[in-house]
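Asks: So that we are looking at the same thing, I have put the structure below in structure tokens.
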Amino acid sequence: MTTQLKVYDESAVKALCSSRANEKKAWQAMSLLDTHVDVQQALVDAAEFGMRYVLLGICEDIGPKANLGNSGASEAWPAFLCKFLNQPHNQFIATQKVLLLGEVHVDDLMAQSNQLNNKSPEQLQQLRLLCQQLDERVESVLNLIFKAGLEPIVIGGGHNNCLGIIRALSSSQHTPVNAINFDPHADFRECEGRHSGNGFRYAYNEKLLNNYHVIGLHEQKNNQAIIDAMTQANFTFDSYQSLKVKRDITLTQSIDKAINGFDSLPLGIEVDLDSITFMPVSAYTCCGFSVSDTEHFIYKAASNRNAKYLHLCEASPSQHPNGPEIGAAHVGQVISALVNSYLLAKESECSFK
């Protein structure tokens with residue numbers, strides 16, 4: 001099972017880290033896993049020593065390409081690390097409770113996918129089979145984290161990875177789960193083979209998804225079959241048009257309504273970076289939400305005591321109009337801000353217990 005995971009040691013991150021006199025950086029407060037101990041036991045030990053959150057990367061773009069989309073989501077994780085590890089550690093951020101675990105092993109799957117053209121029906125099917133293999137790897141790694149009682153913050157790759165996360169959470173808790181998704185797409189396409197556009201549909205068909213709500217669903221970016229399937233499943237959404245065009249409801253009201261509609265089952269927080277205006281992502285948009293809107297969504301959702309993970313996906317630095325280097329800086333800064341919002345909410349929740 002641990003062969004599906006690249007566990008980071010100091011040498012894996014040293015080149016990403018900077019130092020400054022009289023300033024403690026986030027990387028200096030965080031922990032790495034003991035690579036000389038069984039991974040499952042090491043995670044249990046980490047939880048006992050006060051770790052609460054686990055950073056995990058998924059450097060793949062198989063799912064988006066299998067959904068007839070663009071490449072580049074594989075680049076989000078290293079872009080994030082360069083920014084997050086080097087931010088200051090102070091009283092406002094609980095990086096001392098963060099374990100930098102590593103990344104899901106996908107090198108072999110990516111090598112195969114890079115030889116495939118999603119415009120060919122036969123090769124598209126091969127991409128979807130690779131995505132299915134990826135699901136199994138994500139699930140196996142997430143199982144280790146949830147079984148140790150830790151909260152994963154999963155970064156990078158396509159939204160296809162929601163399925164592996166939901167499978168693992170449901171298995172570890174022995175119950176179906178709820179999910180709230182900040183996303184212009186419902187990702188509820190038919191089960192036509194695995195890709196980034198149908199993870200929640202597969203989770204529903206496998207009876208793993210009890211309740212599901214999408215905030216910011218764009219009315220012109222989801223076909224009627226998707227809307228009908230959501231309705232038949234009794235799943236709900238507040239559209240981008242309701243929130244930002246007609247202004248029928250505020251973002252805060254939308255989040256509160258959704259959270260209050262959930263029962264006490266475990267909750268997954270999902271954010272597709274496609275929801276953010278001008279963000280370098282797999283599906284670029286000019287009509288979306290601000291970074292601060294997204295921070296607020298995460299803060300409000302993570303304040304719910306049933307929230308068990310954060311999944312940030314689809315960012316693609318190479319899709320930035322000014323090039324991949326600027327795109328990496330953009331992606332790294334935004335994802336770091338979103339992770340900080342999650343940690344802020346979780347630690348605020350602890351202070352009120």
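Ligands are numbered from 1 in the order shown, residues from 1 within each chain, and chains are lettered A, B, ... in the order they appear in the structure tokens.
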Find the residues around Lys244 of chain A up to 12 Å (only C-alpha atoms counted), leave out those fewer than 2 positions away in its own chain, and share them as a list of chain:residue names.
Replies: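 Close residues of Lys244 of chain A: A:Ile215, A:Gly216, A:Leu217, A:His218, A:Glu219, A:Asp238, A:Ser239, A:Tyr240, A:Gln241, A:Ser242, A:Lys246, A:Arg247, A:Asp248, A:Ile249, A:Thr250, A:Leu251, A:Ser254, A:Cys287, A:Gly288, A:Phe289, A:Ser290, A:Asp293.
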Asks: Excluding segment 92-98 of chain A and any residue of its chain fewer than 2 positions from it, enumerate the residues within 12 Å of it, using only C-alpha atoms, and give them as a CSV table (one decimal) with N, CA and C atoms, in the first residue's frame.
Replies:
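The file below, around39.csv, is the result:
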```csv
chain,number,residue,atom,x,y,z
A,24,LYS,N,11.0,33.0,11.7
A,24,LYS,CA,10.7,31.6,11.6
A,24,LYS,C,9.7,31.3,10.5
A,25,LYS,N,10.1,30.5,9.6
A,25,LYS,CA,9.3,30.2,8.4
A,25,LYS,C,8.3,29.0,8.7
A,26,ALA,N,7.3,28.8,7.9
A,26,ALA,CA,6.3,27.8,8.1
A,26,ALA,C,7.0,26.4,8.1
A,27,TRP,N,8.0,26.2,7.2
A,27,TRP,CA,8.6,24.9,7.0
A,27,TRP,C,9.4,24.5,8.3
A,28,GLN,N,9.9,25.6,9.1
A,28,GLN,CA,10.6,25.3,10.3
A,28,GLN,C,9.7,24.9,11.4
A,29,ALA,N,8.4,25.2,11.3
A,29,ALA,CA,7.4,24.8,12.3
A,29,ALA,C,6.7,23.5,12.0
A,30,MET,N,6.7,23.1,10.8
A,30,MET,CA,6.0,21.9,10.3
A,30,MET,C,6.8,20.6,10.6
A,31,SER,N,6.2,19.5,10.5
A,31,SER,CA,6.8,18.2,10.7
A,31,SER,C,6.8,17.3,9.4
A,32,LEU,N,7.8,16.5,9.4
A,32,LEU,CA,7.9,15.4,8.3
A,32,LEU,C,7.7,14.1,9.0
A,33,LEU,N,7.3,13.1,8.2
A,33,LEU,CA,7.0,11.8,8.8
A,33,LEU,C,8.4,11.0,9.0
A,43,LEU,N,1.9,7.6,11.1
A,43,LEU,CA,0.8,8.6,11.1
A,43,LEU,C,0.1,8.6,12.4
A,46,ALA,N,2.2,10.4,14.8
A,46,ALA,CA,2.2,11.8,14.6
A,46,ALA,C,0.9,12.5,15.2
A,47,ALA,N,-0.2,11.8,15.1
A,47,ALA,CA,-1.5,12.3,15.7
A,47,ALA,C,-1.3,12.3,17.2
A,48,GLU,N,-0.7,11.4,17.8
A,48,GLU,CA,-0.5,11.3,19.2
A,48,GLU,C,0.5,12.4,19.7
A,49,PHE,N,1.4,12.9,18.8
A,49,PHE,CA,2.3,13.9,19.2
A,49,PHE,C,1.7,15.3,18.9
A,50,GLY,N,0.5,15.4,18.5
A,50,GLY,CA,-0.2,16.7,18.3
A,50,GLY,C,-0.4,17.2,16.9
A,51,MET,N,0.0,16.4,15.9
A,51,MET,CA,-0.3,16.7,14.5
A,51,MET,C,-1.8,16.6,14.3
A,52,ARG,N,-2.3,17.5,13.4
A,52,ARG,CA,-3.8,17.4,13.1
A,52,ARG,C,-4.1,17.4,11.6
A,53,TYR,N,-3.2,18.1,10.9
A,53,TYR,CA,-3.5,18.2,9.4
A,53,TYR,C,-2.3,17.6,8.6
A,54,VAL,N,-2.7,17.1,7.5
A,54,VAL,CA,-1.7,16.4,6.6
A,54,VAL,C,-1.8,17.0,5.2
A,55,LEU,N,-0.7,17.5,4.8
A,55,LEU,CA,-0.6,18.0,3.4
A,55,LEU,C,-0.2,16.9,2.5
A,56,LEU,N,-1.0,16.7,1.4
A,56,LEU,CA,-0.7,15.7,0.5
A,56,LEU,C,-0.9,16.2,-0.9
A,84,PHE,N,3.9,28.2,0.3
A,84,PHE,CA,3.4,27.9,1.7
A,84,PHE,C,4.5,27.6,2.7
A,85,LEU,N,5.5,26.9,2.2
A,85,LEU,CA,6.6,26.6,3.1
A,85,LEU,C,7.4,27.8,3.6
A,86,ASN,N,7.4,28.8,2.8
A,86,ASN,CA,8.2,30.0,3.1
A,86,ASN,C,7.5,31.2,3.7
A,87,GLN,N,6.2,31.0,4.0
A,87,GLN,CA,5.5,32.1,4.6
A,87,GLN,C,5.9,32.1,6.1
A,88,PRO,N,5.8,33.3,6.8
A,88,PRO,CA,6.2,33.3,8.2
A,88,PRO,C,5.3,32.5,9.1
A,89,HIS,N,5.9,31.9,10.1
A,89,HIS,CA,5.2,31.2,11.1
A,89,HIS,C,5.0,32.2,12.3
A,90,ASN,N,3.7,32.4,12.7
A,90,ASN,CA,3.4,33.3,13.8
A,90,ASN,C,2.2,32.8,14.5
A,100,LEU,N,3.8,17.6,6.7
A,100,LEU,CA,4.0,17.5,5.3
A,100,LEU,C,4.3,16.1,4.9
A,101,LEU,N,3.3,15.4,4.4
A,101,LEU,CA,3.4,13.9,4.2
A,101,LEU,C,4.2,13.6,2.9
A,150,LEU,N,-6.3,11.8,11.3
A,150,LEU,CA,-5.8,13.1,10.8
A,150,LEU,C,-6.7,13.6,9.7
A,151,GLU,N,-6.6,14.9,9.5
A,151,GLU,CA,-7.3,15.6,8.4
A,151,GLU,C,-6.5,15.9,7.2
A,152,PRO,N,-6.8,15.4,6.1
A,152,PRO,CA,-6.0,15.6,4.9
A,152,PRO,C,-6.3,17.0,4.2
A,153,ILE,N,-5.3,17.7,3.7
A,153,ILE,CA,-5.5,18.8,2.9
A,153,ILE,C,-4.8,18.4,1.6
A,336,SER,N,-2.1,28.7,-1.1
A,336,SER,CA,-1.6,29.0,0.2
A,336,SER,C,-2.6,29.7,1.1
A,337,ALA,N,-3.2,30.8,0.4
A,337,ALA,CA,-4.3,31.5,1.1
A,337,ALA,C,-5.5,30.7,1.5
A,339,VAL,N,-5.5,27.3,2.0
A,339,VAL,CA,-5.1,26.4,3.1
A,339,VAL,C,-5.1,27.2,4.4
A,340,ASN,N,-4.5,28.4,4.4
A,340,ASN,CA,-4.5,29.2,5.6
A,340,ASN,C,-5.9,29.4,6.1
A,341,SER,N,-6.9,29.6,5.2
A,341,SER,CA,-8.3,29.8,5.7
A,341,SER,C,-8.8,28.6,6.4
A,342,TYR,N,-8.5,27.4,5.8
A,342,TYR,CA,-8.9,26.2,6.4
A,342,TYR,C,-8.3,26.0,7.8
A,343,LEU,N,-7.0,26.3,8.0
A,343,LEU,CA,-6.4,26.2,9.3
A,343,LEU,C,-6.9,27.2,10.2
A,344,LEU,N,-7.2,28.4,9.8
A,344,LEU,CA,-7.8,29.4,10.6
A,344,LEU,C,-9.1,29.0,11.2
A,345,ALA,N,-10.0,28.5,10.3
A,345,ALA,CA,-11.3,28.0,10.8
A,345,ALA,C,-11.2,26.9,11.8
A,346,LYS,N,-10.4,25.9,11.5
A,346,LYS,CA,-10.2,24.7,12.3
A,346,LYS,C,-9.7,25.1,13.7
A,347,GLU,N,-8.7,26.0,13.8
A,347,GLU,CA,-8.1,26.4,15.0
A,347,GLU,C,-9.1,27.3,15.8
A,348,SER,N,-9.9,28.1,15.1
A,348,SER,CA,-10.9,28.9,15.8
A,348,SER,C,-12.0,28.0,16.4
A,350,CYS,N,-11.4,25.0,17.5
A,350,CYS,CA,-10.8,24.4,18.7
A,350,CYS,C,-10.9,25.3,19.9
```
Asks: Using only C-alpha atoms, which residue out of A:Leu99, A:Leu312, A:Cys191, A:Ala307 lies closest to Asp263 of chain A?
Replies: A:Ala307
Asks: Quick one: residues within 6 Å of segment 175-186 of chain A, only C-alpha atoms counted, chain neighbours fewer than 2 positions away excluded, as a list in words?
Replies: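 Here the answer would be Ser170, Gln173, Phe188, Leu208, Leu209, Asn210, Asn211, Tyr212, His213, Val214, Ile215, Gly216, Leu217, His218, Leu265, Pro266, Leu267, Gly268, Ile269, Glu270, Val271, Asp272 and Ser275 of chain A.
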Asks: Would you mind reading off the distance between atom CA of Glu325 of chain A and atom CA of Asp107 of chain A, one decimal, in Å?
Replies: 22.2 Å
Asks: Enumerate as a list in words all residues of segment 171-240 of chain A assigned to strand (DSSP E or B) by DSSP on the backbone, naming them with the chain letters and numbers the document uses.
Replies: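 Secondary structure check on segment 171-240 of chain A, strand (DSSP E or B): Val177, Asn178, Ala179, Ile180, Asn181, Phe182, Leu209, Asn210, Asn211, Tyr212, His213, Val214, Ile215, Gly216, Leu217, Thr236, Phe237, Asp238 and Ser239 of chain A.
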Asks: Identify which of the residues A:Arg20, A:Lys14, A:Arg137, A:His105 lies closest to Leu81 of chain A, counting only C-alpha atoms when measuring atom-to-atom distances.
Replies: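 Ranked by minimum distance to Leu81 of chain A, first place goes to A:Lys14.
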Asks: Residues within 10 Å of Gln40 of chain A, please, as a list in words. Count only C-alpha atoms; anything in the same chain fewer than 2 positions from it doesn't count.
Replies: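 The filter keeps Met1, Thr2, Val37, Asp38, Ala42, Leu43, Val44, Asp45, Ala46, Val141, Asn143, Leu144, Ile145, Lys147 and Ala148 of chain A.
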Asks: Report, in Å to a single decimal, how far apart atom CA of Cys59 of chain A and atom CA of Val106 of chain A are.
Replies: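 That distance, rounded to one decimal, is 7.0 Å.
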Asks: Enumerate the residues of segment 16-251 of chain A with a DSSP assignment of alpha helix (DSSP H), computed from the backbone, and present them as a PyMOL selection string.
Replies: chain A and resi 26-29+39-48+62-66+76-84+107-113+121-147+162-173+199-205+224-232+240+251
Asks: Give me the residues near Asp274 of chain A as a compact mmCIF listing (two decimals) with all heavy atoms, in the first residue's frame, where near means some atom within 7 Å (using only C-alpha atoms) and where sequence neighbours in that chain fewer than 6 positions away do not count.
Replies:
```
# COMPACT_ATOMS: atom_id res chain seq x y z
N ASP A 183 -17.76 25.39 -7.07
CA ASP A 183 -17.39 24.89 -8.40
C ASP A 183 -18.41 25.37 -9.43
O ASP A 183 -19.62 25.30 -9.20
CB ASP A 183 -17.39 23.36 -8.36
CG ASP A 183 -16.66 22.70 -9.52
OD1 ASP A 183 -16.52 23.32 -10.57
OD2 ASP A 183 -16.27 21.53 -9.38
N PRO A 184 -17.96 25.84 -10.59
CA PRO A 184 -18.92 26.16 -11.65
C PRO A 184 -19.53 24.92 -12.29
O PRO A 184 -20.54 25.00 -12.98
CB PRO A 184 -18.08 26.94 -12.68
CG PRO A 184 -16.68 26.49 -12.44
CD PRO A 184 -16.58 26.20 -10.98
N VAL A 281 -6.09 27.76 -14.57
CA VAL A 281 -6.71 26.49 -14.24
C VAL A 281 -6.96 25.67 -15.51
O VAL A 281 -6.73 26.15 -16.62
CB VAL A 281 -8.07 26.70 -13.51
CG1 VAL A 281 -7.87 27.21 -12.10
CG2 VAL A 281 -8.97 27.64 -14.30
N ALA A 283 -9.83 24.91 -16.72
CA ALA A 283 -10.94 25.53 -17.47
C ALA A 283 -11.05 27.00 -17.05
O ALA A 283 -11.80 27.36 -16.15
CB ALA A 283 -12.24 24.79 -17.21
N TYR A 284 -10.28 27.84 -17.69
CA TYR A 284 -10.15 29.27 -17.37
C TYR A 284 -11.50 29.98 -17.46
O TYR A 284 -12.29 29.71 -18.35
CB TYR A 284 -9.17 29.88 -18.37
CG TYR A 284 -8.73 31.30 -18.10
CD1 TYR A 284 -7.68 31.57 -17.24
CD2 TYR A 284 -9.35 32.37 -18.75
CE1 TYR A 284 -7.26 32.87 -17.02
CE2 TYR A 284 -8.94 33.67 -18.55
CZ TYR A 284 -7.89 33.93 -17.68
OH TYR A 284 -7.49 35.21 -17.46
N THR A 285 -11.75 30.91 -16.53
CA THR A 285 -13.01 31.64 -16.57
C THR A 285 -12.80 33.13 -16.33
O THR A 285 -11.93 33.53 -15.56
CB THR A 285 -14.01 31.11 -15.52
OG1 THR A 285 -15.27 31.78 -15.69
CG2 THR A 285 -13.53 31.35 -14.10
N GLU A 314 -7.50 21.35 -9.70
CA GLU A 314 -7.63 21.91 -11.06
C GLU A 314 -6.77 23.13 -11.35
O GLU A 314 -6.78 23.64 -12.48
CB GLU A 314 -9.10 22.22 -11.39
CG GLU A 314 -10.03 21.02 -11.34
CD GLU A 314 -9.95 20.11 -12.57
OE1 GLU A 314 -9.32 20.52 -13.56
OE2 GLU A 314 -10.50 19.00 -12.51
```
Asks: Identify which of the residues A:Asn306, A:Ile58, A:Val334, A:Ala15 lies closest to Thr294 of chain A, counting only C-alpha atoms when measuring atom-to-atom distances.
Replies: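 Between A:Asn306, A:Ile58, A:Val334, A:Ala15, the residue approaching Thr294 of chain A most closely is A:Val334.
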Asks: Using only C-alpha atoms, which residues sit within 9 Å of segment 61-64 of chain A once same-chain residues fewer than 5 positions away are excluded, as a ChimeraX atom specification?
Replies: /A:69-75,109-110,113-114,127-128,130-131,134,156-161,194-197,282,314
Asks: For the selection just defined, write its residues with N, CA, C and O atoms to a file, as a tab-separated table (two decimals), in the first residue's frame.
Replies:
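In the end it all went to out-v5.tsv:
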```
chain	number	residue	atom	x	y	z
A	69	GLY	N	-10.27	17.74	-21.38
A	69	GLY	CA	-9.76	19.04	-20.97
A	69	GLY	C	-8.27	19.19	-21.19
A	69	GLY	O	-7.63	18.39	-21.89
A	70	ASN	N	-7.71	20.22	-20.56
A	70	ASN	CA	-6.32	20.60	-20.74
A	70	ASN	C	-5.40	19.94	-19.71
A	70	ASN	O	-5.84	19.52	-18.64
A	71	SER	N	-4.13	19.92	-20.03
A	71	SER	CA	-3.11	19.42	-19.11
A	71	SER	C	-2.65	20.55	-18.19
A	71	SER	O	-3.03	21.71	-18.37
A	72	GLY	N	-1.82	20.21	-17.20
A	72	GLY	CA	-1.20	21.23	-16.36
A	72	GLY	C	-1.54	21.16	-14.89
A	72	GLY	O	-0.85	21.76	-14.07
A	73	ALA	N	-2.60	20.42	-14.50
A	73	ALA	CA	-2.97	20.33	-13.09
A	73	ALA	C	-1.92	19.60	-12.26
A	73	ALA	O	-1.93	19.69	-11.03
A	74	SER	N	-1.01	18.92	-12.93
A	74	SER	CA	0.08	18.23	-12.24
A	74	SER	C	1.08	19.20	-11.62
A	74	SER	O	1.90	18.80	-10.78
A	75	GLU	N	1.02	20.46	-12.00
A	75	GLU	CA	2.03	21.44	-11.58
A	75	GLU	C	1.63	22.24	-10.34
A	75	GLU	O	2.42	23.05	-9.84
A	109	LEU	N	1.82	6.32	-14.13
A	109	LEU	CA	0.55	6.63	-14.78
A	109	LEU	C	0.68	7.87	-15.65
A	109	LEU	O	0.14	7.93	-16.77
A	110	MET	N	1.40	8.86	-15.16
A	110	MET	CA	1.60	10.09	-15.94
A	110	MET	C	2.42	9.82	-17.20
A	110	MET	O	2.13	10.37	-18.27
A	113	SER	N	0.06	8.39	-19.63
A	113	SER	CA	-0.95	9.36	-20.10
A	113	SER	C	-0.34	10.38	-21.06
A	113	SER	O	-1.03	10.87	-21.96
A	114	ASN	N	0.94	10.70	-20.87
A	114	ASN	CA	1.59	11.69	-21.73
A	114	ASN	C	1.77	11.20	-23.17
A	114	ASN	O	2.05	11.99	-24.07
A	127	LEU	N	-7.06	6.73	-21.26
A	127	LEU	CA	-6.90	7.74	-20.22
A	127	LEU	C	-7.88	7.50	-19.08
A	127	LEU	O	-7.53	7.65	-17.89
A	128	ARG	N	-9.10	7.10	-19.42
A	128	ARG	CA	-10.11	6.87	-18.39
A	128	ARG	C	-9.79	5.62	-17.57
A	128	ARG	O	-10.10	5.57	-16.37
A	130	LEU	N	-6.67	4.72	-16.95
A	130	LEU	CA	-5.60	5.20	-16.07
A	130	LEU	C	-6.16	5.98	-14.89
A	130	LEU	O	-5.69	5.87	-13.75
A	131	CYS	N	-7.21	6.76	-15.15
A	131	CYS	CA	-7.86	7.52	-14.08
A	131	CYS	C	-8.46	6.57	-13.04
A	131	CYS	O	-8.41	6.84	-11.83
A	134	LEU	N	-5.74	5.50	-10.88
A	134	LEU	CA	-5.40	6.61	-9.98
A	134	LEU	C	-6.36	6.66	-8.80
A	134	LEU	O	-5.93	6.90	-7.65
A	156	GLY	N	-3.72	19.68	-5.75
A	156	GLY	CA	-3.22	19.35	-7.07
A	156	GLY	C	-4.06	18.32	-7.79
A	156	GLY	O	-4.94	17.68	-7.20
A	157	GLY	N	-3.80	18.16	-9.07
A	157	GLY	CA	-4.54	17.20	-9.87
A	157	GLY	C	-5.92	17.69	-10.23
A	157	GLY	O	-6.29	18.84	-9.99
A	158	GLY	N	-6.70	16.78	-10.84
A	158	GLY	CA	-8.05	17.12	-11.26
A	158	GLY	C	-9.09	16.80	-10.20
A	158	GLY	O	-8.79	16.19	-9.17
A	159	HIS	N	-10.35	17.19	-10.50
A	159	HIS	CA	-11.42	16.94	-9.53
A	159	HIS	C	-11.83	15.47	-9.51
A	159	HIS	O	-12.63	15.06	-8.67
A	160	ASN	N	-11.28	14.68	-10.40
A	160	ASN	CA	-11.49	13.23	-10.36
A	160	ASN	C	-11.08	12.64	-9.02
A	160	ASN	O	-11.64	11.63	-8.58
A	161	ASN	N	-10.12	13.25	-8.34
A	161	ASN	CA	-9.60	12.69	-7.10
A	161	ASN	C	-10.57	12.77	-5.93
A	161	ASN	O	-10.32	12.17	-4.88
A	194	ARG	N	-13.97	6.84	-16.00
A	194	ARG	CA	-13.57	7.85	-15.01
A	194	ARG	C	-12.83	9.04	-15.61
A	194	ARG	O	-11.96	8.90	-16.44
A	195	HIS	N	-13.22	10.22	-15.11
A	195	HIS	CA	-12.56	11.47	-15.46
A	195	HIS	C	-12.92	12.53	-14.44
A	195	HIS	O	-13.64	12.25	-13.47
A	196	SER	N	-12.42	13.73	-14.65
A	196	SER	CA	-12.59	14.79	-13.65
A	196	SER	C	-14.02	15.33	-13.58
A	196	SER	O	-14.33	16.08	-12.65
A	197	GLY	N	-14.87	14.95	-14.50
A	197	GLY	CA	-16.22	15.50	-14.53
A	197	GLY	C	-17.30	14.61	-13.96
A	197	GLY	O	-18.48	14.96	-14.05
A	282	SER	N	-7.47	24.48	-15.31
A	282	SER	CA	-7.78	23.61	-16.45
A	282	SER	C	-8.87	24.21	-17.33
A	282	SER	O	-8.87	24.01	-18.55
A	314	GLU	N	-7.50	21.35	-9.70
A	314	GLU	CA	-7.63	21.91	-11.06
A	314	GLU	C	-6.77	23.13	-11.35
A	314	GLU	O	-6.78	23.64	-12.48
```
Asks: Give me, please, the distance in Å between atom CA of Lys308 of chain A and atom CA of Gln41 of chain A, quoted to one decimal.
Replies: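 That distance, rounded to one decimal, is 20.3 Å.
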Asks: Closest to Gly327 of chain A among A:Pro280, A:Ala229, A:Leu169, A:Gln123, using only C-alpha atoms?
Replies: A:Pro280
